[in-house]
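The next block holds one structure in the form of structure tokens; read it before the comments.
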Amino acid sequence: MLILLWGLPEDSPLAAVYSELIGLGIPTILLNQRDILATEIELFVGESVQGVLRTPQQTIDLSAVTAAYIRPYDSRRLPQIEQAGINSLAWQQAIAIDDTLLCWSEITPALVINRPAAMAPNGSKPYQLEQIRQLGFQIPATLVTTDPNAVQAFWQQHGNIIYKSISGIRSKVSRLNPEHLERLANVSWCPTQFQQYIPGRDYRVHVVGTEVFASEVISSADDYRYVAQNEESTVIRACEIPQEVEAKCLVLAQAINLPLCGIDLRQTPEGEWYCFEVNPSPGFTYYEYATSQTISRAIAHLLAAGKIDTEITEKHGSKLPKITVSNT
């Protein structure tokens, strides 16, 4: 057994999982991206995937890796790479190391949390939202447009709407209000996603393999992630969610090949459940610290197991929705 972690050592989720693995006594290597200019990799793909990774501290046989947890930062944004410049050898090496490791993480038979191809739909929120809808969750009415008139018609139809980025880059969710009218023409230059505002209580559900960790978020803010402590009180606490909702979360995570994910839900006052998005590389420690849930330990145990059960646990079997996923 050999576990590979890839990213920045100070990254909170990566550090938490590393600590758990070391505590369990499991052989673990943390590949520090800050050492990228002193890192070498050779990859050989034939009947099997072979490779060697060399760092200043050690040489790693990639075929010996049984599981990996990857949270890579864009190496081009590291200070030494940015300073070297886009045409430098350092820049070229950073790109080559990143690309080769991402390629390895896609084709290795080891368990990878999470493979790049499975995380890619997060780069297009409308595409991911369609995946969510096909897999059994209600989603808000959604408009993606560059037409200010279409926005006004959508606004008039639904009365209360929010807007956010359509890309995978984290953005603040805001409610559209009359003061935005003078800036509405700006959507002509930037495709923007508008959604029907869904009132209710927020929930973050972390799926780890076949384990589910649900957190209730008590906040009146449109986007509790961006609330300053002196502006709004936000409370996050562990909770239980209905078994059928839990089952849908497991089905969703399994269907889109994400052994680890953070699913954002909202329950309306009428008891309906909506899903807004799925984070394929969640910063789960924010919730773990607030709730004392053992998410990092569950990830460590999943990595140690080196595999995921292909069937959802018996606990949820009778509650699974019947789903047909379309490729259109």
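Lettering and numbering for the structure tokens are positional, with chains as A, B, ... in the shown order, residues counted from 1 in each chain, and ligands counted from 1 in the shown order.
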
inquiry  = List as a PyMOL selection string the protein and nucleic acid residues near range 54-71 of chain A, meaning an atom at most 7 Å away when only C-alpha atoms are counted, but skip any in the same chain fewer than 3 places from it.
reply    = chain A and resi 1-7+38-41+49-51+110-114+303+306

Limited to C-alpha atoms, could you put the picked residues into a file as a compact mmCIF listing (two decimals), in the first residue's frame?
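Contents of out.txt, as written:
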```txt
# COMPACT_ATOMS: atom_id res chain seq x y z
CA MET A 1 0.00 0.00 0.00
CA LEU A 2 1.29 3.45 -0.95
CA ILE A 3 -0.75 6.67 -0.93
CA LEU A 4 0.26 9.73 -2.98
CA LEU A 5 -0.96 13.21 -2.07
CA TRP A 6 -0.29 16.07 -4.51
CA GLY A 7 -0.62 19.76 -3.80
CA ALA A 38 13.43 20.02 -8.52
CA THR A 39 10.89 17.35 -9.55
CA GLU A 40 11.27 14.92 -12.44
CA ILE A 41 8.76 12.43 -13.84
CA VAL A 49 1.07 2.16 -16.60
CA GLN A 50 4.60 2.56 -15.30
CA GLY A 51 6.45 5.62 -14.11
CA ALA A 110 -4.97 3.27 -8.59
CA LEU A 111 -7.94 4.87 -6.85
CA VAL A 112 -7.79 8.61 -7.55
CA ILE A 113 -9.75 11.22 -5.61
CA ASN A 114 -10.75 12.67 -8.03
CA LEU A 303 -7.60 5.86 0.24
CA GLY A 306 -7.92 1.61 -2.52
```

request  = Excluding Gln152 in chain A and residues on its chain fewer than 5 positions from it, collect all residues at most 12 Å away from it, counting only C-alpha atoms, and give them as a list in words.
outcome  =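 Surrounding residues, per the criterion: Leu143, Thr145, Thr146, Asp147, Gln157, His158, Gly159, Asn160, Ile161, Leu176, Asn177, Pro178, His180, Leu181, Leu184, Ala185, Val187 and Phe194 of chain A.
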
File of the preceding selection, all heavy atoms, as a compact mmCIF listing (two decimals), in the first residue's frame:
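Result file follows (out-v1.txt):
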```
# COMPACT_ATOMS: atom_id res chain seq x y z
N LEU A 143 -31.32 30.46 -16.57
CA LEU A 143 -31.11 31.16 -17.84
C LEU A 143 -29.63 31.51 -17.95
O LEU A 143 -29.07 32.12 -17.04
CB LEU A 143 -31.95 32.43 -17.90
CG LEU A 143 -31.66 33.37 -19.08
CD1 LEU A 143 -32.16 32.77 -20.39
CD2 LEU A 143 -32.29 34.75 -18.85
N THR A 145 -27.29 33.65 -20.55
CA THR A 145 -27.54 34.56 -21.68
C THR A 145 -26.54 35.71 -21.73
O THR A 145 -25.85 36.00 -20.75
CB THR A 145 -28.97 35.14 -21.57
OG1 THR A 145 -29.27 35.88 -22.75
CG2 THR A 145 -29.10 36.04 -20.35
N THR A 146 -26.50 36.36 -22.89
CA THR A 146 -25.80 37.63 -23.06
C THR A 146 -26.80 38.71 -23.50
O THR A 146 -26.40 39.77 -23.97
CB THR A 146 -24.68 37.51 -24.12
OG1 THR A 146 -25.25 37.05 -25.35
CG2 THR A 146 -23.59 36.56 -23.66
N ASP A 147 -28.07 38.42 -23.33
CA ASP A 147 -29.13 39.32 -23.79
C ASP A 147 -29.81 39.99 -22.58
O ASP A 147 -30.53 39.34 -21.82
CB ASP A 147 -30.16 38.53 -24.59
CG ASP A 147 -31.28 39.40 -25.13
OD1 ASP A 147 -31.31 40.61 -24.81
OD2 ASP A 147 -32.13 38.88 -25.87
N GLN A 157 -40.67 37.02 -14.97
CA GLN A 157 -41.37 35.74 -14.86
C GLN A 157 -41.25 35.15 -13.46
O GLN A 157 -42.23 34.62 -12.92
CB GLN A 157 -40.79 34.76 -15.88
CG GLN A 157 -41.42 33.37 -15.82
CD GLN A 157 -40.76 32.38 -16.77
OE1 GLN A 157 -39.84 32.73 -17.52
NE2 GLN A 157 -41.23 31.14 -16.76
N HIS A 158 -40.05 35.25 -12.86
CA HIS A 158 -39.80 34.57 -11.59
C HIS A 158 -39.82 35.50 -10.38
O HIS A 158 -39.86 35.01 -9.24
CB HIS A 158 -38.47 33.81 -11.65
CG HIS A 158 -38.47 32.70 -12.65
ND1 HIS A 158 -39.15 31.51 -12.43
CD2 HIS A 158 -37.92 32.59 -13.88
CE1 HIS A 158 -39.00 30.72 -13.49
NE2 HIS A 158 -38.26 31.35 -14.38
N GLY A 159 -39.78 36.82 -10.62
CA GLY A 159 -39.93 37.76 -9.52
C GLY A 159 -38.69 37.97 -8.67
O GLY A 159 -38.38 39.09 -8.29
N ASN A 160 -37.99 36.91 -8.39
CA ASN A 160 -36.82 36.98 -7.51
C ASN A 160 -35.76 36.05 -8.09
O ASN A 160 -35.98 34.83 -8.15
CB ASN A 160 -37.22 36.53 -6.10
CG ASN A 160 -36.35 37.15 -5.04
OD1 ASN A 160 -35.34 37.81 -5.34
ND2 ASN A 160 -36.70 36.93 -3.78
N ILE A 161 -34.63 36.60 -8.54
CA ILE A 161 -33.60 35.76 -9.18
C ILE A 161 -32.21 36.11 -8.64
O ILE A 161 -31.98 37.19 -8.09
CB ILE A 161 -33.62 35.90 -10.72
CG1 ILE A 161 -33.29 37.32 -11.15
CG2 ILE A 161 -34.96 35.46 -11.28
CD1 ILE A 161 -33.18 37.49 -12.66
N LEU A 176 -30.39 39.61 -7.68
CA LEU A 176 -30.54 40.73 -8.60
C LEU A 176 -31.54 41.72 -7.98
O LEU A 176 -32.61 41.32 -7.50
CB LEU A 176 -31.06 40.23 -9.95
CG LEU A 176 -30.74 41.09 -11.17
CD1 LEU A 176 -29.24 41.15 -11.41
CD2 LEU A 176 -31.43 40.54 -12.41
N ASN A 177 -31.19 43.00 -7.97
CA ASN A 177 -32.08 44.01 -7.42
C ASN A 177 -32.08 45.24 -8.33
O ASN A 177 -31.27 45.33 -9.25
CB ASN A 177 -31.68 44.37 -5.98
CG ASN A 177 -30.24 44.81 -5.88
OD1 ASN A 177 -29.84 45.79 -6.51
ND2 ASN A 177 -29.42 44.10 -5.11
N PRO A 178 -32.99 46.19 -8.10
CA PRO A 178 -33.14 47.32 -9.02
C PRO A 178 -31.85 48.10 -9.28
O PRO A 178 -31.67 48.66 -10.37
CB PRO A 178 -34.19 48.20 -8.32
CG PRO A 178 -35.02 47.21 -7.56
CD PRO A 178 -34.06 46.17 -7.08
N HIS A 180 -29.09 47.03 -9.99
CA HIS A 180 -28.30 46.38 -11.03
C HIS A 180 -28.77 46.76 -12.43
O HIS A 180 -28.09 46.43 -13.41
CB HIS A 180 -28.38 44.85 -10.88
CG HIS A 180 -27.69 44.33 -9.66
ND1 HIS A 180 -28.36 43.66 -8.67
CD2 HIS A 180 -26.39 44.39 -9.27
CE1 HIS A 180 -27.52 43.31 -7.72
NE2 HIS A 180 -26.32 43.75 -8.06
N LEU A 181 -29.92 47.43 -12.55
CA LEU A 181 -30.48 47.73 -13.87
C LEU A 181 -29.52 48.50 -14.75
O LEU A 181 -29.39 48.23 -15.95
CB LEU A 181 -31.80 48.51 -13.72
CG LEU A 181 -33.03 47.67 -13.36
CD1 LEU A 181 -34.22 48.58 -13.04
CD2 LEU A 181 -33.37 46.72 -14.51
N LEU A 184 -26.99 46.13 -16.25
CA LEU A 184 -27.49 44.91 -16.86
C LEU A 184 -26.97 44.72 -18.29
O LEU A 184 -26.77 43.59 -18.75
CB LEU A 184 -29.02 44.92 -16.86
CG LEU A 184 -29.71 43.55 -16.95
CD1 LEU A 184 -29.24 42.62 -15.85
CD2 LEU A 184 -31.22 43.74 -16.88
N ALA A 185 -26.71 45.83 -18.97
CA ALA A 185 -26.20 45.75 -20.34
C ALA A 185 -24.84 45.06 -20.41
O ALA A 185 -24.44 44.57 -21.47
CB ALA A 185 -26.11 47.15 -20.95
N VAL A 187 -23.99 42.24 -19.43
CA VAL A 187 -24.05 40.81 -19.74
C VAL A 187 -23.81 40.56 -21.23
O VAL A 187 -23.50 39.43 -21.62
CB VAL A 187 -25.38 40.16 -19.30
CG1 VAL A 187 -25.61 40.33 -17.82
CG2 VAL A 187 -26.55 40.70 -20.10
N PHE A 194 -28.31 33.09 -14.65
CA PHE A 194 -29.34 33.62 -13.77
C PHE A 194 -30.25 32.46 -13.36
O PHE A 194 -30.54 31.57 -14.17
CB PHE A 194 -30.15 34.70 -14.49
CG PHE A 194 -29.35 35.89 -14.90
CD1 PHE A 194 -28.68 35.90 -16.14
CD2 PHE A 194 -29.22 36.99 -14.07
CE1 PHE A 194 -27.92 36.99 -16.52
CE2 PHE A 194 -28.46 38.09 -14.45
CZ PHE A 194 -27.80 38.09 -15.67
```

Test item, helix (DSSP H, G or I) assignment across range 53-189 of chain A, answer as JSON, numbers by chain = {"A": [62, 63, 64, 75, 76, 77, 79, 80, 81, 82, 83, 84, 89, 90, 91, 92, 93, 94, 95, 96, 97, 98, 99, 100, 101, 102, 103, 104, 105, 106, 107, 116, 117, 118, 119, 120, 121, 122, 123, 125, 126, 127, 128, 129, 130, 131, 132, 133, 134, 148, 149, 150, 151, 152, 153, 154, 155, 156, 157, 158, 178, 179, 180, 181, 182, 183, 184, 185, 186, 187, 188, 189]}

task = Identify, on the basis of only C-alpha atoms, every residue whose closest approach to Leu37 in chain A does not exceed 8 Å; exclude the query and any residue fewer than 5 positions from it along the same chain; express the result as a list in words.
result = Ala90, Gln93 and Ala94 of chain A

task = Give the answer as one residue: which of A:Ala117, A:Thr192, A:Ser174, A:Asn279 has the shortest atom-to-atom distance to Val144 in chain A, using only C-alpha atoms?
result = A:Thr192

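Using only C-alpha atoms, the smallest distance between any of A:Ile218, A:Ile22, A:Ala150, A:Leu265 and Ile241 in chain A comes from A:Leu265.
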
key: DSSP strand (DSSP E or B) residues within range 172-285 of chain A, listed as a count of residues only   = 43

message = As an exercise, work out the distance from CA of Ala298 in chain A to CA of Val251 in chain A in Å and give it to one decimal place.
response =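 Interatomic distance, CA of Ala298 in chain A to CA of Val251 in chain A: 18.3 Å.
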